[in-house]
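These notes concern the structure reproduced below.
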Amino acid sequence: MRVVRYLLGVIDFSIKSSRWVYIVLFFALFGTILEFAALSVLLPLTQHINHSHMTPVARYWNYLLTLVGISPDTKTWFELFLGLIFSRVALQFAYSVLVSGVSRDVTALLASSAFGEFIVETSLLEMQRQKIGHFIAIAGDEASRAGQIFLYFSQLLVALLSVLVTVAAMLVFSLKLATGVAIFVVITSVAILHSTRRIFQLGSVVKAESRAATSTFLDGLNSLRSVRSIGGEKYVVSQFTDQVKKYNRTLFKVDVMSQAQKSLPLIILLLLVLAVILILSSESISRFDMASTLAAMILLMRFFPSAGACLSNGTKLLADLRAAHDVVAVATAPVAQTGGGRKPFNESIREIQLFNLGFRYEGSAPAVLDGLSYTFKAGSSYAICGPSGSGKSTLVDLILGLIPNNAPNIRVNGTPLIEINSQDFRKRVVLVEQQSRIFNDTARNNIVFGLAAPEAELLQALQLSGFDHVLSALPDGLETMIDYQGTNLSGGQRQRLGIARALLRNPDVLVLDESTSALDAPTRDAVLANILQHFRDRIVIVVTHDPVVMSQMRNTLFLQAHSAAGISSDHKRSDQRNEDLSIIWPESVDGAAAK
């Protein structure tokens with residue numbers, strides 16, 4: 001039932017996503033009519049050649065030709081037969097082109113829709129639980145598989161209609177011929193059943209091996225610096241090589257079995273024909289009605305390729321359906337699951353309150369946060385500090401609504417965060433990470449990131465972040481192409497770009513998660529001063545282990561690992577750096593995401 005539901009889901013999605021589907025269906029039906037007409041002309045053609053009794057079908061064709069003033073002779077029947085076959089072949093070509101185009105459209109739309117669902121709606125916890133290859137497989141392999149499913153189904157439909165038409169023509173032409181073909185089909189179906197089951201099993205294996213190889217490929221590229229720094233290149237390459245070889249060996253097995261299924265019926269047929277010829281004498285063969293024999297051969301030549309196409313496309317269709325992950329369900333999931341049905345939020349954020357907040361990751365024995373109560377108010381700045389594992393980044397993710405929390409322990413302006421439309425809320429809260437994510441695009445696009453902002457606001461964001469000084473060293477300024485992961489920028493330059501990107505959005509709450517760690521002291525102090533001045537009437541939250549940065553914030557929330565609550569302190573910000581704060585740091589504490 002799962003297979004049937006998924007097939008219906010793909011067909012329904014295809015019909016809704018492409019206007020060409022109805023034309024495809026029309027071509028399939030009209031092509032079937034043309035094929036039946038072409039095959040039915042064989043009857044009057046052979047009967048006219050043999051001067052035998054005219055069947056009702058032959059008499060009907062005679063009537064049609066006479067009605068339009070055409071003489072029904074042998075030459076006319078040949079011309080009509082070839083004309084109908086040519087029209088059928090031309091229509092089949094057009095049908096194949098349209099089906100291929102629709103399947104590509106379906107693949108593209110499913111891939112982009114699934115990617116949009118991952119970016120907008122999938123929780124960070126789900127992202128962390130799954131391998132990256134899982135999501136790539138859904139938006140890549142599974143979207144492509146769904147497009148192929150539509151392609152195979154369409155080809156199967158046409159092949160099946162062609163088989164039915166040929167069988168109908170056989171029944172009209174010769175009942176013995178139709179009976180013999182039916183017996184032959186039963187025999188070959190039994191022979192193919194075992195290989196079909198094996199192909200189904202291999203489909204699931206292909207799926208798992210593809211995801212494993214994809215994950216290794218991406219992990220290796222994304223961790224290239226770490227891999228090379230420990231001399232692990234050969235290990236990573238050998239892992240990927242083994243996985244790719246294993247994956248392609250499995251694909252080869254599937255190809256061999258698929259080709260065997262295509263050839264097996266024809267091999268059996270040829271062996272049977274050869275056996276009949278060997279058994280019969282020359283005199284018996286010479287008494288054959290050559291015209292009828294030729295017509296029977298034409299019918300068989302039409303039947304077996306169509307039956308083979310049914311078998312091939314049906315096997316591929318079932319194998320893909322069996323191995324498929326429901327990408328259609330992902331792509332057509334309700335928009336804004338985390339925001340749908342929740343209250344619109346169009347007011348400025350005045351305060352964020354935490355009430356007895358706790359959080360525990362799945363499979364984690366101790367709670368990361370337990371019983372934390374605190375209030376962030378507009379017009380003030382806050383430093384969140386603590387050793388690794390104390391829950392700093394987890395707290396930030398909870399405040400931002402990036403990880404699910406169904407309890408009403410977080411309130412924004414007095415309203416539980418779980419009741420607020422997440423899309424509205426995210427427009428007013430912006431996070432700047434320690435490692436700003438840079439895309440292979442221009443500096444302008446990396447900062448603007450799709451936001452329609454006036455040039456004056458962009459210039460202000462560049463000045464506040466200090467990125468305007470970076471632009472002077474770039475060959476094409478804002479139009480300079482940034483390399484993959486920002487490799488043509490230093491760590492400090494990437495951080496300033498990330499800060500500029502956040503400032504351009506002018507949020508009510510700005511969260512900096514170790515976002516100035518790569519800046520030299522004068523630049524760090526200047527950027528922080530600009531931010532605190534610009535956001536003096538809003539909320540600024542800084543996650544840091546730097547006592548100098550901490551001293552510049554008005555309030556400090558110190559989180560202790562696995563403690564019942566954080567320790568907070570309030571102090572007035574001054575230009576005097578509070579060096580005594582360094583005593584709470586036994587050693588350098590990283591700013592990585594805490595669990």
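Here, A, B, ... name the chains of the structure tokens in the order displayed, residue numbers run from 1 inside each chain, and ligands are numbered from 1 in the same displayed order.
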
- Neighbour list for Asn346 (chain A) as number ranges by chain, cut-off 12 Å, only C-alpha atoms, skip fewer than 3 positions in-chain: A: 343, 349, 412-413, 420-428, 508

- Which polymer residues have any atom within 9 Å of an atom of region 530-539 of chain A, counting only C-alpha atoms, with same-chain residues fewer than 2 positions away left out, as a VMD selection string? chain A and resid 349 to 351 376 to 382 463 to 465 503 506 to 511 525 to 528 541 552 to 553

- Item | Coordinates-based distance that separates CA of Ala108 (chain A) from CA of Phe153 (chain A) (Å, one decimal) | 18.1 Å

- For CA of Leu109 (chain A) and CA of Val24 (chain A), quote the distance in Å rounded to one decimal. 18.5 Å

- Query: Got a sec: who's within 10 Å of Val205 (chain A), counting only C-alpha atoms, leaving out chain neighbours fewer than 6 positions off, as a list in words?
  - Reply: Ile199, Tyr247, Thr250, Leu251 and Ala323 of chain A

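If you count only C-alpha atoms and ignore residues fewer than 6 places along the chain from region 431-445 of chain A, what sits within 7 Å of it is Leu478, Glu479, Thr480, Met481, Ile482, Asp483, Tyr484, Gln485, Gly486, Arg494, Gln495, Gly498, Ile499, Ala502, Leu510, Val511, Leu512, Asp513, Glu514 and Ser515 of chain A.
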
Can you spit out the residues from that selection as a PDB file, in the first residue's frame, using N, CA and C atoms?
```pdb
ATOM      1  N   LEU A 478      32.536  45.719  -3.438  1.00  0.00           N
ATOM      2  CA  LEU A 478      31.387  44.877  -3.105  1.00  0.00           C
ATOM      3  C   LEU A 478      31.089  43.825  -4.171  1.00  0.00           C
ATOM      4  N   GLU A 479      31.583  44.013  -5.371  1.00  0.00           N
ATOM      5  CA  GLU A 479      31.325  43.061  -6.448  1.00  0.00           C
ATOM      6  C   GLU A 479      32.401  41.990  -6.537  1.00  0.00           C
ATOM      7  N   THR A 480      33.332  41.966  -5.596  1.00  0.00           N
ATOM      8  CA  THR A 480      34.368  40.937  -5.577  1.00  0.00           C
ATOM      9  C   THR A 480      33.743  39.579  -5.269  1.00  0.00           C
ATOM     10  N   MET A 481      34.127  38.562  -6.032  1.00  0.00           N
ATOM     11  CA  MET A 481      33.632  37.216  -5.779  1.00  0.00           C
ATOM     12  C   MET A 481      34.364  36.633  -4.571  1.00  0.00           C
ATOM     13  N   ILE A 482      33.588  36.115  -3.613  1.00  0.00           N
ATOM     14  CA  ILE A 482      34.154  35.459  -2.441  1.00  0.00           C
ATOM     15  C   ILE A 482      34.258  33.963  -2.739  1.00  0.00           C
ATOM     16  N   ASP A 483      35.414  33.383  -2.456  1.00  0.00           N
ATOM     17  CA  ASP A 483      35.645  31.971  -2.767  1.00  0.00           C
ATOM     18  C   ASP A 483      34.822  31.068  -1.845  1.00  0.00           C
ATOM     19  N   TYR A 484      34.850  29.771  -2.157  1.00  0.00           N
ATOM     20  CA  TYR A 484      34.144  28.761  -1.363  1.00  0.00           C
ATOM     21  C   TYR A 484      34.541  28.869   0.103  1.00  0.00           C
ATOM     22  N   GLN A 485      33.543  29.022   0.986  1.00  0.00           N
ATOM     23  CA  GLN A 485      33.711  29.176   2.430  1.00  0.00           C
ATOM     24  C   GLN A 485      34.557  30.390   2.795  1.00  0.00           C
ATOM     25  N   GLY A 486      34.646  31.367   1.872  1.00  0.00           N
ATOM     26  CA  GLY A 486      35.350  32.610   2.175  1.00  0.00           C
ATOM     27  C   GLY A 486      36.845  32.462   2.328  1.00  0.00           C
ATOM     28  N   ARG A 494      36.025  37.660   7.670  1.00  0.00           N
ATOM     29  CA  ARG A 494      34.778  36.895   7.584  1.00  0.00           C
ATOM     30  C   ARG A 494      33.839  37.251   8.736  1.00  0.00           C
ATOM     31  N   GLN A 495      34.402  37.460   9.919  1.00  0.00           N
ATOM     32  CA  GLN A 495      33.559  37.843  11.053  1.00  0.00           C
ATOM     33  C   GLN A 495      32.943  39.219  10.840  1.00  0.00           C
ATOM     34  N   GLY A 498      30.057  38.887   8.516  1.00  0.00           N
ATOM     35  CA  GLY A 498      28.890  38.337   9.202  1.00  0.00           C
ATOM     36  C   GLY A 498      28.195  39.379  10.067  1.00  0.00           C
ATOM     37  N   ILE A 499      28.984  40.225  10.727  1.00  0.00           N
ATOM     38  CA  ILE A 499      28.405  41.288  11.558  1.00  0.00           C
ATOM     39  C   ILE A 499      27.674  42.302  10.690  1.00  0.00           C
ATOM     40  N   ALA A 502      24.325  41.035   9.694  1.00  0.00           N
ATOM     41  CA  ALA A 502      23.339  41.111  10.774  1.00  0.00           C
ATOM     42  C   ALA A 502      22.878  42.544  11.008  1.00  0.00           C
ATOM     43  N   LEU A 510      20.101  41.480  18.915  1.00  0.00           N
ATOM     44  CA  LEU A 510      21.315  41.063  18.207  1.00  0.00           C
ATOM     45  C   LEU A 510      22.099  40.135  19.121  1.00  0.00           C
ATOM     46  N   VAL A 511      22.382  38.922  18.630  1.00  0.00           N
ATOM     47  CA  VAL A 511      23.120  37.928  19.401  1.00  0.00           C
ATOM     48  C   VAL A 511      24.449  37.663  18.709  1.00  0.00           C
ATOM     49  N   LEU A 512      25.548  37.872  19.448  1.00  0.00           N
ATOM     50  CA  LEU A 512      26.896  37.634  18.932  1.00  0.00           C
ATOM     51  C   LEU A 512      27.476  36.424  19.667  1.00  0.00           C
ATOM     52  N   ASP A 513      27.665  35.313  18.952  1.00  0.00           N
ATOM     53  CA  ASP A 513      28.190  34.090  19.563  1.00  0.00           C
ATOM     54  C   ASP A 513      29.676  33.971  19.218  1.00  0.00           C
ATOM     55  N   GLU A 514      30.539  34.523  20.090  1.00  0.00           N
ATOM     56  CA  GLU A 514      31.988  34.547  19.868  1.00  0.00           C
ATOM     57  C   GLU A 514      32.306  35.179  18.521  1.00  0.00           C
ATOM     58  N   SER A 515      31.543  36.200  18.154  1.00  0.00           N
ATOM     59  CA  SER A 515      31.618  36.751  16.803  1.00  0.00           C
ATOM     60  C   SER A 515      32.750  37.732  16.596  1.00  0.00           C
TER      61      SER A 515
END
```

- Query: In Å, how far is it from CA of Ala461 (chain A) to CA of Ala529 (chain A)?
  - Reply: 13.6 Å

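When DSSP is run on the backbone, the residues of region 411-456 of chain A that fall into strand (DSSP E) are Arg411, Val412, Thr415, Pro416, Val429, Val430, Leu431 and Val432 of chain A.
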
Compile the contact shell of Ala28 (chain A) as a PDB file with N, CA and C atoms, in the first residue's frame: residues with an atom at most 8 Å away, counting only C-alpha atoms, same-chain residues fewer than 2 positions apart removed.
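Below is the file that was written, selection18.pdb:
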```pdb
ATOM      1  N   VAL A  24       0.570  15.123 -22.480  1.00  0.00           N
ATOM      2  CA  VAL A  24       1.225  13.818 -22.468  1.00  0.00           C
ATOM      3  C   VAL A  24       0.182  12.703 -22.487  1.00  0.00           C
ATOM      4  N   LEU A  25      -0.822  12.823 -21.635  1.00  0.00           N
ATOM      5  CA  LEU A  25      -1.872  11.802 -21.583  1.00  0.00           C
ATOM      6  C   LEU A  25      -2.644  11.729 -22.906  1.00  0.00           C
ATOM      7  N   PHE A  26      -2.889  12.891 -23.514  1.00  0.00           N
ATOM      8  CA  PHE A  26      -3.589  12.912 -24.808  1.00  0.00           C
ATOM      9  C   PHE A  26      -2.766  12.192 -25.871  1.00  0.00           C
ATOM     10  N   PHE A  30      -4.017   8.985 -27.996  1.00  0.00           N
ATOM     11  CA  PHE A  30      -4.142   9.134 -29.450  1.00  0.00           C
ATOM     12  C   PHE A  30      -3.149   8.232 -30.170  1.00  0.00           C
ATOM     13  N   GLY A  31      -1.958   8.091 -29.597  1.00  0.00           N
ATOM     14  CA  GLY A  31      -0.967   7.194 -30.194  1.00  0.00           C
ATOM     15  C   GLY A  31      -1.439   5.753 -30.176  1.00  0.00           C
ATOM     16  N   THR A  32      -2.139   5.366 -29.100  1.00  0.00           N
ATOM     17  CA  THR A  32      -2.693   4.005 -29.019  1.00  0.00           C
ATOM     18  C   THR A  32      -3.727   3.775 -30.119  1.00  0.00           C
ATOM     19  N   GLN A  92       4.963   9.130 -31.038  1.00  0.00           N
ATOM     20  CA  GLN A  92       5.675   8.516 -29.920  1.00  0.00           C
ATOM     21  C   GLN A  92       6.937   9.299 -29.584  1.00  0.00           C
ATOM     22  N   TYR A  95       5.826  12.317 -27.747  1.00  0.00           N
ATOM     23  CA  TYR A  95       5.416  11.880 -26.408  1.00  0.00           C
ATOM     24  C   TYR A  95       6.632  11.676 -25.508  1.00  0.00           C
ATOM     25  N   LEU A 157       2.773   3.043 -19.142  1.00  0.00           N
ATOM     26  CA  LEU A 157       1.402   3.241 -19.599  1.00  0.00           C
ATOM     27  C   LEU A 157       1.296   3.067 -21.104  1.00  0.00           C
ATOM     28  N   VAL A 158       2.218   3.704 -21.830  1.00  0.00           N
ATOM     29  CA  VAL A 158       2.193   3.603 -23.295  1.00  0.00           C
ATOM     30  C   VAL A 158       2.484   2.172 -23.740  1.00  0.00           C
TER      31      VAL A 158
END
```
